[in-house]
$ cat entry.cif   # mmCIF, C-alpha atoms and all ligand atoms
data_protein
#
loop_
_atom_site.label_atom_id
_atom_site.label_comp_id
_atom_site.auth_asym_id
_atom_site.auth_seq_id
_atom_site.Cartn_x
_atom_site.Cartn_y
_atom_site.Cartn_z
CA MET A 480 -10.09 10.25 -2.85
CA SER A 481 -8.73 13.25 -4.65
CA ASP A 482 -7.21 14.75 -1.49
CA SER A 483 -4.57 12.05 -1.27
CA ALA A 484 -1.04 13.37 -0.85
CA TYR A 485 0.12 10.84 -3.43
CA GLN A 486 -2.47 11.94 -5.94
CA ASP A 487 -1.48 15.53 -5.38
CA ASP A 488 2.00 14.44 -6.38
CA ARG A 489 0.73 13.09 -9.68
CA GLY A 490 2.95 14.20 -12.49
CA ASN A 491 5.60 15.88 -10.37
CA LYS A 492 8.73 14.32 -8.97
CA ASP A 493 8.15 14.73 -5.26
CA ARG A 494 10.20 12.12 -3.47
CA SER A 495 9.25 13.00 0.06
CA ILE A 496 8.71 9.39 1.07
CA THR A 497 11.91 8.17 -0.48
CA LYS A 498 15.26 8.39 1.22
CA PRO A 499 17.23 11.55 0.46
CA GLY A 500 19.81 9.41 -1.33
CA GLY A 501 17.14 7.79 -3.45
CA SER A 502 17.63 10.01 -6.42
CA THR A 503 21.35 9.52 -7.02
CA THR A 504 20.91 7.47 -10.14
CA GLN A 505 18.36 9.87 -11.52
CA THR A 506 20.79 12.71 -11.00
CA VAL A 507 23.39 10.76 -12.88
CA ARG A 508 20.91 10.14 -15.68
CA LYS A 509 19.79 13.76 -15.76
CA GLY A 510 23.36 14.85 -16.40
CA GLY A 511 23.43 12.56 -19.39
CA LYS A 512 26.44 10.74 -17.95
CA ALA A 513 26.95 7.03 -18.15
CA VAL A 514 25.52 5.03 -15.25
CA PRO A 515 28.05 4.48 -12.44
CA ALA A 516 30.77 1.93 -13.10
CA ASN A 517 29.67 -1.70 -12.78
CA SER A 518 26.04 -0.75 -12.38
CA ARG A 519 23.77 -1.16 -15.37
CA ALA A 520 20.52 -0.43 -13.58
CA PHE A 521 19.44 0.95 -10.22
CA LEU A 522 18.53 -2.54 -9.04
CA ILE A 523 19.70 -5.53 -11.01
CA GLY A 524 19.88 -9.23 -10.34
CA GLU A 525 22.35 -10.21 -13.02
CA ALA A 526 22.79 -13.74 -14.36
CA MET A 527 21.43 -15.20 -11.12
CA THR A 528 21.77 -18.96 -10.78
CA GLY A 529 20.72 -20.73 -7.60
CA GLY A 530 18.19 -22.80 -5.70
CA TYR A 531 16.97 -23.63 -2.22
CA GLY A 532 19.43 -25.08 0.29
CA LYS A 533 21.34 -27.93 -1.31
CA GLY A 534 18.59 -28.50 -3.86
CA PRO A 535 18.89 -28.15 -7.63
CA ASP A 536 19.18 -24.80 -9.36
CA ILE A 537 15.81 -23.13 -9.83
CA LEU A 538 17.16 -19.98 -11.48
CA HIS A 539 19.35 -20.33 -14.55
CA SER A 540 21.34 -17.21 -15.34
CA CYS A 541 18.25 -15.10 -14.73
CA THR A 542 18.52 -11.31 -15.10
CA ILE A 543 15.96 -8.82 -13.74
CA ALA A 544 16.41 -5.05 -13.45
CA VAL A 545 14.50 -1.90 -12.62
CA ASP A 546 15.37 1.79 -12.88
CA PRO A 547 13.95 4.91 -11.21
CA GLY A 548 10.66 6.03 -12.63
CA GLU A 549 9.88 2.54 -13.85
CA ILE A 550 7.47 -0.23 -13.13
CA ALA A 551 9.13 -3.51 -14.07
CA VAL A 552 6.95 -6.59 -14.19
CA ILE A 553 7.78 -10.30 -14.05
CA VAL A 554 5.22 -12.68 -15.51
CA GLY A 555 5.33 -16.37 -16.37
CA PRO A 556 3.67 -19.70 -15.64
CA ASN A 557 3.20 -21.14 -12.13
CA GLY A 558 6.45 -22.53 -10.81
CA ALA A 559 8.53 -20.57 -13.34
CA GLY A 560 10.67 -19.14 -10.55
CA LYS A 561 9.20 -15.64 -10.34
CA SER A 562 9.07 -15.64 -6.53
CA THR A 563 12.44 -17.34 -6.40
CA ALA A 564 13.94 -14.54 -8.51
CA MET A 565 12.46 -11.95 -6.14
CA LYS A 566 13.80 -13.83 -3.11
CA ALA A 567 17.22 -14.06 -4.74
CA MET A 568 17.28 -10.29 -5.20
CA PHE A 569 16.19 -9.77 -1.60
CA GLY A 570 18.84 -12.12 -0.19
CA MET A 571 16.59 -15.01 0.81
CA LEU A 572 18.24 -17.47 -1.54
CA ASP A 573 21.76 -18.71 -2.07
CA VAL A 574 22.86 -17.20 -5.38
CA ARG A 575 25.51 -19.63 -6.61
CA SER A 576 26.58 -17.43 -9.47
CA GLY A 577 25.64 -13.99 -10.68
CA HIS A 578 25.18 -10.96 -8.47
CA VAL A 579 22.75 -8.37 -7.22
CA MET A 580 23.60 -4.67 -7.52
CA LEU A 581 21.76 -1.79 -5.86
CA ASP A 582 22.60 1.76 -6.86
CA GLY A 583 26.03 0.72 -8.08
CA GLU A 584 26.86 -1.37 -5.02
CA ASP A 585 27.27 -5.15 -5.01
CA ILE A 586 24.84 -6.38 -2.35
CA THR A 587 24.97 -10.08 -3.22
CA ALA A 588 26.42 -11.03 0.17
CA LEU A 589 24.06 -8.92 2.31
CA THR A 590 21.31 -10.34 4.51
CA PRO A 591 17.70 -9.34 3.78
CA GLN A 592 17.72 -7.05 6.81
CA ASP A 593 20.83 -5.26 5.55
CA ARG A 594 19.16 -4.87 2.17
CA VAL A 595 16.18 -3.20 3.89
CA ILE A 596 18.63 -0.80 5.52
CA LYS A 597 20.12 -0.13 2.06
CA GLY A 598 16.67 0.82 0.82
CA MET A 599 14.93 -2.30 -0.48
CA GLY A 600 11.27 -2.78 0.37
CA PHE A 601 9.86 -6.26 -0.25
CA VAL A 602 6.31 -7.54 -0.01
CA PRO A 603 6.37 -11.35 -0.22
CA GLN A 604 3.68 -13.38 -1.99
CA THR A 605 2.36 -14.94 1.24
CA HIS A 606 2.43 -14.19 4.99
CA ASN A 607 3.06 -10.53 4.27
CA ILE A 608 1.15 -9.07 7.23
CA PHE A 609 0.84 -9.76 10.97
CA THR A 610 -2.81 -10.85 11.13
CA SER A 611 -3.24 -10.57 14.91
CA MET A 612 -1.84 -7.05 15.05
CA THR A 613 -3.83 -3.96 14.18
CA VAL A 614 -3.35 -2.17 10.89
CA GLU A 615 -1.42 0.60 12.63
CA GLU A 616 0.79 -1.86 14.52
CA ASN A 617 1.63 -3.47 11.16
CA LEU A 618 2.73 -0.10 9.82
CA GLU A 619 4.77 0.54 12.99
CA MET A 620 6.46 -2.83 12.54
CA GLY A 621 7.34 -1.74 9.01
CA ALA A 622 9.24 1.20 10.47
CA PHE A 623 11.41 -1.06 12.64
CA ILE A 624 14.68 0.10 11.12
CA ARG A 625 13.92 3.77 11.61
CA ARG A 626 15.16 5.84 14.51
CA ASP A 627 13.53 9.07 13.32
CA ASP A 628 9.93 10.20 13.58
CA PHE A 629 7.93 8.13 11.09
CA ARG A 630 4.50 9.67 11.68
CA ASP A 631 4.77 11.73 8.53
CA THR A 632 5.32 8.58 6.46
CA MET A 633 2.36 6.94 8.17
CA THR A 634 0.20 9.92 7.23
CA LYS A 635 1.31 9.50 3.62
CA VAL A 636 0.47 5.79 3.70
CA TYR A 637 -2.98 6.65 5.08
CA ASP A 638 -3.41 9.25 2.33
CA LEU A 639 -2.52 6.61 -0.25
CA PHE A 640 -4.81 3.99 1.32
CA PRO A 641 -7.59 5.90 3.16
CA ILE A 642 -9.39 2.69 4.15
CA LEU A 643 -6.39 1.76 6.31
CA LYS A 644 -6.81 4.92 8.34
CA GLU A 645 -10.44 4.05 8.92
CA LYS A 646 -9.48 0.55 10.04
CA ARG A 647 -6.26 1.43 11.82
CA ASN A 648 -7.32 -0.09 15.15
CA GLN A 649 -8.70 -3.31 13.64
CA PRO A 650 -6.68 -6.55 13.55
CA ALA A 651 -5.26 -6.79 10.03
CA GLY A 652 -6.52 -10.39 9.79
CA GLU A 653 -10.11 -9.09 9.76
CA LEU A 654 -9.58 -7.07 6.58
CA SER A 655 -10.54 -8.10 3.03
CA GLY A 656 -7.90 -9.51 0.67
CA GLY A 657 -7.40 -6.21 -1.13
CA GLN A 658 -7.15 -4.29 2.14
CA ARG A 659 -4.59 -6.75 3.50
CA GLN A 660 -2.48 -6.16 0.41
CA GLN A 661 -2.70 -2.43 1.10
CA VAL A 662 -1.43 -3.09 4.62
CA ALA A 663 1.46 -5.12 3.20
CA VAL A 664 2.42 -2.40 0.69
CA GLY A 665 1.98 0.28 3.35
CA ARG A 666 4.21 -1.63 5.75
CA ALA A 667 6.95 -1.78 3.11
CA LEU A 668 6.60 1.96 2.40
CA MET A 669 7.20 2.73 6.09
CA THR A 670 10.93 2.11 5.62
CA GLN A 671 11.00 4.85 2.92
CA PRO A 672 12.40 2.38 0.39
CA LYS A 673 14.48 3.40 -2.61
CA VAL A 674 12.98 0.48 -4.52
CA LEU A 675 9.82 -1.52 -3.88
CA MET A 676 9.46 -5.21 -4.76
CA LEU A 677 5.95 -6.69 -4.80
CA ASP A 678 5.23 -10.40 -5.30
CA GLU A 679 1.70 -10.77 -6.68
CA PRO A 680 0.14 -7.75 -4.97
CA THR A 681 -3.24 -8.47 -6.54
CA ALA A 682 -3.44 -12.20 -5.76
CA GLY A 683 -6.96 -13.29 -4.91
CA VAL A 684 -8.68 -9.93 -5.33
CA SER A 685 -11.56 -8.99 -7.62
CA PRO A 686 -10.88 -7.23 -10.95
CA ILE A 687 -12.13 -3.92 -9.54
CA VAL A 688 -9.88 -4.16 -6.50
CA MET A 689 -7.02 -5.20 -8.80
CA ASP A 690 -7.49 -2.03 -10.88
CA GLU A 691 -7.51 0.06 -7.71
CA LEU A 692 -4.33 -1.55 -6.42
CA PHE A 693 -2.64 -1.02 -9.79
CA ASP A 694 -3.63 2.66 -9.64
CA ARG A 695 -2.09 3.01 -6.18
CA ILE A 696 1.08 1.22 -7.34
CA ILE A 697 1.35 3.62 -10.28
CA GLU A 698 1.02 6.52 -7.82
CA VAL A 699 3.86 5.15 -5.73
CA ALA A 700 5.99 4.79 -8.87
CA ARG A 701 5.25 8.43 -9.72
CA THR A 702 6.67 9.55 -6.38
CA GLY A 703 10.00 8.27 -7.73
CA ILE A 704 10.16 4.79 -6.19
CA PRO A 705 11.03 2.18 -8.82
CA ILE A 706 8.74 -0.84 -8.60
CA LEU A 707 9.55 -4.45 -9.43
CA MET A 708 6.47 -6.58 -9.36
CA VAL A 709 5.46 -10.17 -10.05
CA GLU A 710 1.96 -10.46 -11.47
CA GLN A 711 -0.31 -13.32 -12.44
CA ASN A 712 -2.65 -10.95 -14.27
CA ALA A 713 -0.19 -10.84 -17.15
CA ARG A 714 -2.13 -8.76 -19.64
CA GLN A 715 -3.07 -6.02 -17.17
CA ALA A 716 0.44 -6.00 -15.72
CA LEU A 717 2.06 -5.64 -19.15
CA GLU A 718 -0.22 -2.70 -19.86
CA ILE A 719 1.35 -0.72 -17.02
CA ALA A 720 4.89 -2.10 -17.34
CA ASP A 721 7.76 0.08 -18.54
CA LYS A 722 9.87 -3.05 -18.62
CA ALA A 723 8.72 -6.66 -18.56
CA TYR A 724 10.19 -10.09 -18.16
CA VAL A 725 8.66 -13.43 -19.04
CA LEU A 726 10.33 -16.17 -17.01
CA VAL A 727 10.08 -19.82 -18.01
CA GLN A 728 11.72 -22.59 -15.99
CA GLY A 729 13.92 -20.18 -14.12
CA ALA A 730 15.30 -18.45 -17.20
CA ASN A 731 14.55 -15.27 -19.15
CA ALA A 732 12.28 -16.18 -22.05
CA HIS A 733 11.20 -12.72 -23.24
CA THR A 734 12.23 -9.20 -22.24
CA GLY A 735 10.97 -5.86 -23.52
CA THR A 736 8.65 -3.01 -22.75
CA GLY A 737 5.17 -4.01 -21.67
CA LYS A 738 3.87 -2.82 -25.05
CA GLU A 739 6.44 -4.87 -26.96
CA LEU A 740 5.56 -8.06 -25.12
CA LEU A 741 1.82 -7.43 -25.53
CA ALA A 742 2.43 -7.18 -29.28
CA ASP A 743 4.71 -10.25 -29.46
CA ASP A 744 2.93 -13.15 -31.16
CA GLU A 745 4.82 -15.81 -29.23
CA VAL A 746 4.14 -14.12 -25.89
CA ARG A 747 0.47 -13.69 -26.77
CA ARG A 748 0.07 -17.30 -27.87
CA SER A 749 1.96 -18.85 -24.96
CA PHE A 750 1.15 -16.57 -22.04
CA LEU A 751 -1.79 -14.33 -22.82
CA GLY A 752 -4.23 -16.81 -24.27
CA GLY A 753 -3.87 -15.66 -27.91
N1 LIG A 801 11.15 -23.02 -0.26
C1 LIG A 801 11.36 -23.81 -1.33
N2 LIG A 801 12.13 -24.91 -1.23
C2 LIG A 801 12.36 -25.70 -2.30
N3 LIG A 801 11.84 -25.49 -3.53
C3 LIG A 801 11.05 -24.43 -3.68
C4 LIG A 801 10.76 -23.52 -2.61
N4 LIG A 801 9.96 -22.54 -3.07
C5 LIG A 801 9.74 -22.81 -4.36
N5 LIG A 801 10.41 -23.93 -4.75
C6 LIG A 801 10.44 -24.50 -6.10
O1 LIG A 801 11.01 -23.55 -6.97
C7 LIG A 801 10.34 -23.56 -8.24
C8 LIG A 801 9.90 -22.15 -8.58
O2 LIG A 801 8.94 -21.74 -7.60
P1 LIG A 801 8.46 -20.25 -7.46
O3 LIG A 801 7.62 -20.18 -6.22
O4 LIG A 801 9.62 -19.34 -7.55
O5 LIG A 801 7.58 -20.08 -8.76
P2 LIG A 801 6.60 -18.90 -9.16
O6 LIG A 801 6.91 -18.55 -10.57
O7 LIG A 801 6.64 -17.82 -8.16
O8 LIG A 801 5.18 -19.64 -9.11
P3 LIG A 801 3.71 -19.07 -8.73
O9 LIG A 801 3.19 -18.43 -9.98
O10 LIG A 801 2.95 -20.31 -8.38
O11 LIG A 801 3.85 -18.12 -7.58
C9 LIG A 801 9.21 -24.57 -8.12
O12 LIG A 801 9.63 -25.78 -8.70
C10 LIG A 801 9.03 -24.72 -6.63
O13 LIG A 801 8.59 -26.03 -6.33
MG MG A 802 5.30 -16.99 -6.88
#
$ encode --input "entry.cif" --output "structure tokens"
Amino acid sequence: MSDSAYQDDRGNKDRSITKPGGSTTQTVRKGGKAVPANSRAFLIGEAMTGGYGKGPDILHSCTIAVDPGEIAVIVGPNGAGKSTAMKAMFGMLDVRSGHVMLDGEDITALTPQDRVIKGMGFVPQTHNIFTSMTVEENLEMGAFIRRDDFRDTMTKVYDLFPILKEKRNQPAGELSGGQRQQVAVGRALMTQPKVLMLDEPTAGVSPIVMDELFDRIIEVARTGIPILMVEQNARQALEIADKAYVLVQGANAHTGTGKELLADDEVRRSFLGG
């Protein structure tokens, strides 16, 4: 669909679906000044150590960061702690040491809901839509923190994912896997996030649908929203990653640009099947 508002934005820096404050760090960078004190990246989980409840540590001094204009990708084996790292950054996990910074502010102590208000959008790996509600009701639920008129944002979500407009009155549970993931991403966009976190957005979809979803995610990134994403399709994810992390047993094993990790012999052998 070439008439999509997002596609029309291709290549320019329109941030109409981001919050007005969403470009602060970019402004700082544009001026060539150092990043604000005690903030190394726009969103960073720094040296995060922690686990579930009173259980053992799952994350061991794990660091994940993303900056405006970037797609950052986390890959790694099953059970490596990728989802746990995302949950830690979103406030769903007790971080016993380390901290989470958003746009120069320490948000380690904030609840997930307060982080949404600060501008974090999160699409969890599972249970990320309301199956009995219609597509449009899901998007409305996404806008729960907003007091202003969100119809314009909904129009933009429908431009990004035209199939959702077609199916807007259908229960989301009746949609295909790829369409459900579009609902989940669309719901997160309804808050006009300053940063979008996606946990395995292409889980269980065909390669063609995966490519389409990646294309849409790239479009969102081009509107100025930094994206932090966990992906099981490691090779394809690294191809689009500005920054990439391989996690193993809750710790950083490899970090670099997507290209660097794709070219790294050890990463290829251990995680990409040679
Ligand atoms: N709610 C929970 N309570 C206790 N332990 C958990 C919980 N969720 C995950 N774990 C444990 O934390 C570890 C890391 O799990 P996590 O889901 O973060 O891995 P992952 O890298 O996302 O794996 P996958 O690729 O399968 O999604 C695993 O040992 C898992 O059993
Ligand atoms: Mg996971």
$ residues_around --input "entry.cif" --residues "A:Cys541" --least-positions-apart "3" --cutoff "6 Å" --atoms "only C-alpha atoms" --output "list in words"
Ala526, Met527, Leu538, Ala730 and Asn731 of chain A
$ residues_around --input "entry.cif" --residues "stretch 622-632 of chain A" --least-positions-apart "4" --cutoff "8 Å" --atoms "only C-alpha atoms" --output "VMD selection string"
chain A and resid 496 596 618 636 666 668 to 671
$ closest_atom_pairs --input "entry.cif" --of "chain A" --to "ligand LIG 801 (chain A)" --cutoff "8 Å" --atoms "only C-alpha atoms and all ligand atoms" --output "tab-separated table"
residue	atom	partner	partner_atom	distance
A:Gly530	CA	A:LIG801	N3	7.2
A:Tyr531	CA	A:LIG801	C2	5.1
A:Gly532	CA	A:LIG801	N2	7.5
A:Gly534	CA	A:LIG801	C2	7.0
A:Ile537	CA	A:LIG801	O1	5.6
A:Val554	CA	A:LIG801	O6	7.9
A:Gly555	CA	A:LIG801	O6	6.4
A:Pro556	CA	A:LIG801	O9	5.8
A:Asn557	CA	A:LIG801	O9	3.5
A:Gly558	CA	A:LIG801	O5	3.4
A:Ala559	CA	A:LIG801	O6	3.8
A:Gly560	CA	A:LIG801	O4	3.2
A:Lys561	CA	A:LIG801	O6	3.7
A:Ser562	CA	A:LIG801	O7	3.6
A:Thr563	CA	A:LIG801	O4	3.6
A:Ala564	CA	A:LIG801	O4	6.5
A:Gln604	CA	A:LIG801	O11	7.3
A:Glu679	CA	A:LIG801	O11	7.7
A:Val709	CA	A:LIG801	O7	8.0
A:Gln711	CA	A:LIG801	O9	6.7
A:Leu726	CA	A:LIG801	O6	7.7
A:Gln728	CA	A:LIG801	C8	7.6
A:Gly729	CA	A:LIG801	C8	7.1
$ closest_residue --input "entry.cif" --among "A:Ala544, A:Gly657, A:His578, A:Ser749" --to "A:Pro686" --atoms "only C-alpha atoms"
A:Gly657
$ residues_around --input "entry.cif" --residues "stretch 643-654 of chain A" --least-positions-apart "4" --cutoff "6 Å" --atoms "only C-alpha atoms" --output "mmCIF file with C-alpha atoms, in the frame of the given file"
data_model
loop_
_atom_site.group_PDB
_atom_site.id
_atom_site.type_symbol
_atom_site.label_atom_id
_atom_site.label_comp_id
_atom_site.auth_asym_id
_atom_site.auth_seq_id
_atom_site.Cartn_x
_atom_site.Cartn_y
_atom_site.Cartn_z
ATOM 1 C CA THR A 610 -2.810 -10.850 11.130
ATOM 2 C CA SER A 611 -3.240 -10.570 14.910
ATOM 3 C CA MET A 612 -1.840 -7.050 15.050
ATOM 4 C CA THR A 613 -3.830 -3.960 14.180
ATOM 5 C CA VAL A 614 -3.350 -2.170 10.890
ATOM 6 C CA GLU A 615 -1.420 0.600 12.630
ATOM 7 C CA TYR A 637 -2.980 6.650 5.080
ATOM 8 C CA GLN A 658 -7.150 -4.290 2.140
ATOM 9 C CA ARG A 659 -4.590 -6.750 3.500
#
$ atom_distance --input "entry.cif" --atom1 "atom CA of A:Lys533" --atom2 "atom CA of A:Lys566"
16.1 Å
$ closest_residue --input "entry.cif" --among "A:Ile550, A:Val545, A:Leu522, A:Val602" --to "ligand MG 802 (chain A)" --atoms "only C-alpha atoms and all ligand atoms"
A:Val602
$ residues_around --input "entry.cif" --residues "A:Met676" --least-positions-apart "6" --cutoff "6 Å" --atoms "all atoms listed in the file" --output "list in words"
Gly600, Phe601, Ile706, Leu707 and Met708 of chain A
$ write_last_selection --input "entry.cif" --atoms "C-alpha atoms" --output "mmCIF file, keeping the file's coordinate frame"
data_model
loop_
_atom_site.group_PDB
_atom_site.id
_atom_site.type_symbol
_atom_site.label_atom_id
_atom_site.label_comp_id
_atom_site.auth_asym_id
_atom_site.auth_seq_id
_atom_site.Cartn_x
_atom_site.Cartn_y
_atom_site.Cartn_z
ATOM 1 C CA GLY A 600 11.270 -2.780 0.370
ATOM 2 C CA PHE A 601 9.860 -6.260 -0.250
ATOM 3 C CA ILE A 706 8.740 -0.840 -8.600
ATOM 4 C CA LEU A 707 9.550 -4.450 -9.430
ATOM 5 C CA MET A 708 6.470 -6.580 -9.360
#
$ closest_residue --input "entry.cif" --among "A:Pro672, A:Pro680, A:Gly583, A:Pro535" --to "ligand MG 802 (chain A)" --atoms "all atoms listed in the file"
A:Pro680
$ atom_distance --input "entry.cif" --atom1 "atom CA of A:Ala716" --atom2 "atom CA of A:Ser655"
21.8 Å
$ atom_distance --input "entry.cif" --atom1 "atom CA of A:Glu698" --atom2 "atom CA of A:Leu675"
12.6 Å
$ closest_residue --input "entry.cif" --among "A:Ser576, A:Asn617, A:Ser540, A:Thr634" --to "A:Ala588" --atoms "all atoms listed in the file"
A:Ser576
$ residues_around --input "entry.cif" --residues "A:Gly753" --least-positions-apart "5" --cutoff "12 Å" --atoms "only C-alpha atoms" --output "ChimeraX atom specification"
/A:714,741-748
$ closest_residue --input "entry.cif" --among "A:Asp678, A:Glu616, A:Asp721, A:Glu584" --to "A:Asp546" --atoms "all atoms listed in the file"
A:Asp721
$ closest_residue --input "entry.cif" --among "A:Ala732, A:Leu740, A:Met565, A:Ala723" --to "ligand MG 802 (chain A)" --atoms "all atoms listed in the file"
A:Met565
$ decode --input "entry.cif" --residues "stretch 676-699 of chain A" --atoms "N, CA and C atoms" --output "PDB file, in the first residue's frame"
ATOM      1  N   MET A 676       9.224  -1.301  22.493  1.00  0.00           N
ATOM      2  CA  MET A 676       9.890  -2.572  22.806  1.00  0.00           C
ATOM      3  C   MET A 676       9.008  -3.731  22.344  1.00  0.00           C
ATOM      4  N   LEU A 677       9.560  -4.602  21.508  1.00  0.00           N
ATOM      5  CA  LEU A 677       8.793  -5.699  20.929  1.00  0.00           C
ATOM      6  C   LEU A 677       9.466  -7.029  21.261  1.00  0.00           C
ATOM      7  N   ASP A 678       8.735  -7.918  21.929  1.00  0.00           N
ATOM      8  CA  ASP A 678       9.287  -9.232  22.257  1.00  0.00           C
ATOM      9  C   ASP A 678       8.778 -10.266  21.255  1.00  0.00           C
ATOM     10  N   GLU A 679       9.641 -10.646  20.338  1.00  0.00           N
ATOM     11  CA  GLU A 679       9.345 -11.639  19.296  1.00  0.00           C
ATOM     12  C   GLU A 679       8.092 -11.295  18.489  1.00  0.00           C
ATOM     13  N   PRO A 680       8.137 -10.146  17.800  1.00  0.00           N
ATOM     14  CA  PRO A 680       6.964  -9.735  17.026  1.00  0.00           C
ATOM     15  C   PRO A 680       6.635 -10.663  15.863  1.00  0.00           C
ATOM     16  N   THR A 681       7.569 -11.507  15.460  1.00  0.00           N
ATOM     17  CA  THR A 681       7.287 -12.372  14.313  1.00  0.00           C
ATOM     18  C   THR A 681       7.123 -13.834  14.720  1.00  0.00           C
ATOM     19  N   ALA A 682       6.903 -14.080  16.014  1.00  0.00           N
ATOM     20  CA  ALA A 682       6.765 -15.469  16.479  1.00  0.00           C
ATOM     21  C   ALA A 682       5.597 -16.154  15.772  1.00  0.00           C
ATOM     22  N   GLY A 683       5.866 -17.323  15.239  1.00  0.00           N
ATOM     23  CA  GLY A 683       4.802 -18.156  14.679  1.00  0.00           C
ATOM     24  C   GLY A 683       4.208 -17.672  13.377  1.00  0.00           C
ATOM     25  N   VAL A 684       4.882 -16.774  12.664  1.00  0.00           N
ATOM     26  CA  VAL A 684       4.333 -16.347  11.371  1.00  0.00           C
ATOM     27  C   VAL A 684       5.206 -16.879  10.230  1.00  0.00           C
ATOM     28  N   SER A 685       4.634 -16.911   9.032  1.00  0.00           N
ATOM     29  CA  SER A 685       5.369 -17.433   7.873  1.00  0.00           C
ATOM     30  C   SER A 685       6.481 -16.460   7.489  1.00  0.00           C
ATOM     31  N   PRO A 686       7.480 -16.959   6.721  1.00  0.00           N
ATOM     32  CA  PRO A 686       8.581 -16.072   6.308  1.00  0.00           C
ATOM     33  C   PRO A 686       8.100 -14.827   5.564  1.00  0.00           C
ATOM     34  N   ILE A 687       7.068 -14.963   4.747  1.00  0.00           N
ATOM     35  CA  ILE A 687       6.571 -13.796   4.001  1.00  0.00           C
ATOM     36  C   ILE A 687       5.977 -12.770   4.949  1.00  0.00           C
ATOM     37  N   VAL A 688       5.172 -13.260   5.896  1.00  0.00           N
ATOM     38  CA  VAL A 688       4.560 -12.355   6.876  1.00  0.00           C
ATOM     39  C   VAL A 688       5.642 -11.727   7.754  1.00  0.00           C
ATOM     40  N   MET A 689       6.679 -12.532   8.072  1.00  0.00           N
ATOM     41  CA  MET A 689       7.796 -11.999   8.858  1.00  0.00           C
ATOM     42  C   MET A 689       8.448 -10.825   8.123  1.00  0.00           C
ATOM     43  N   ASP A 690       8.720 -10.997   6.837  1.00  0.00           N
ATOM     44  CA  ASP A 690       9.329  -9.906   6.057  1.00  0.00           C
ATOM     45  C   ASP A 690       8.453  -8.663   6.079  1.00  0.00           C
ATOM     46  N   GLU A 691       7.144  -8.876   5.940  1.00  0.00           N
ATOM     47  CA  GLU A 691       6.211  -7.739   5.955  1.00  0.00           C
ATOM     48  C   GLU A 691       6.248  -7.018   7.292  1.00  0.00           C
ATOM     49  N   LEU A 692       6.227  -7.804   8.367  1.00  0.00           N
ATOM     50  CA  LEU A 692       6.260  -7.190   9.704  1.00  0.00           C
ATOM     51  C   LEU A 692       7.560  -6.416   9.900  1.00  0.00           C
ATOM     52  N   PHE A 693       8.679  -7.010   9.459  1.00  0.00           N
ATOM     53  CA  PHE A 693       9.963  -6.303   9.568  1.00  0.00           C
ATOM     54  C   PHE A 693       9.904  -4.976   8.809  1.00  0.00           C
ATOM     55  N   ASP A 694       9.300  -5.004   7.620  1.00  0.00           N
ATOM     56  CA  ASP A 694       9.194  -3.767   6.832  1.00  0.00           C
ATOM     57  C   ASP A 694       8.407  -2.701   7.593  1.00  0.00           C
ATOM     58  N   ARG A 695       7.304  -3.122   8.227  1.00  0.00           N
ATOM     59  CA  ARG A 695       6.493  -2.161   8.984  1.00  0.00           C
ATOM     60  C   ARG A 695       7.283  -1.624  10.183  1.00  0.00           C
ATOM     61  N   ILE A 696       8.046  -2.509  10.817  1.00  0.00           N
ATOM     62  CA  ILE A 696       8.834  -2.099  11.993  1.00  0.00           C
ATOM     63  C   ILE A 696       9.901  -1.085  11.569  1.00  0.00           C
ATOM     64  N   ILE A 697      10.503  -1.328  10.419  1.00  0.00           N
ATOM     65  CA  ILE A 697      11.489  -0.368   9.894  1.00  0.00           C
ATOM     66  C   ILE A 697      10.820   0.983   9.631  1.00  0.00           C
ATOM     67  N   GLU A 698       9.586   0.942   9.099  1.00  0.00           N
ATOM     68  CA  GLU A 698       8.860   2.203   8.868  1.00  0.00           C
ATOM     69  C   GLU A 698       8.622   2.954  10.161  1.00  0.00           C
ATOM     70  N   VAL A 699       8.240   2.229  11.198  1.00  0.00           N
ATOM     71  CA  VAL A 699       8.023   2.882  12.496  1.00  0.00           C
ATOM     72  C   VAL A 699       9.328   3.509  12.977  1.00  0.00           C
TER      73      VAL A 699
END
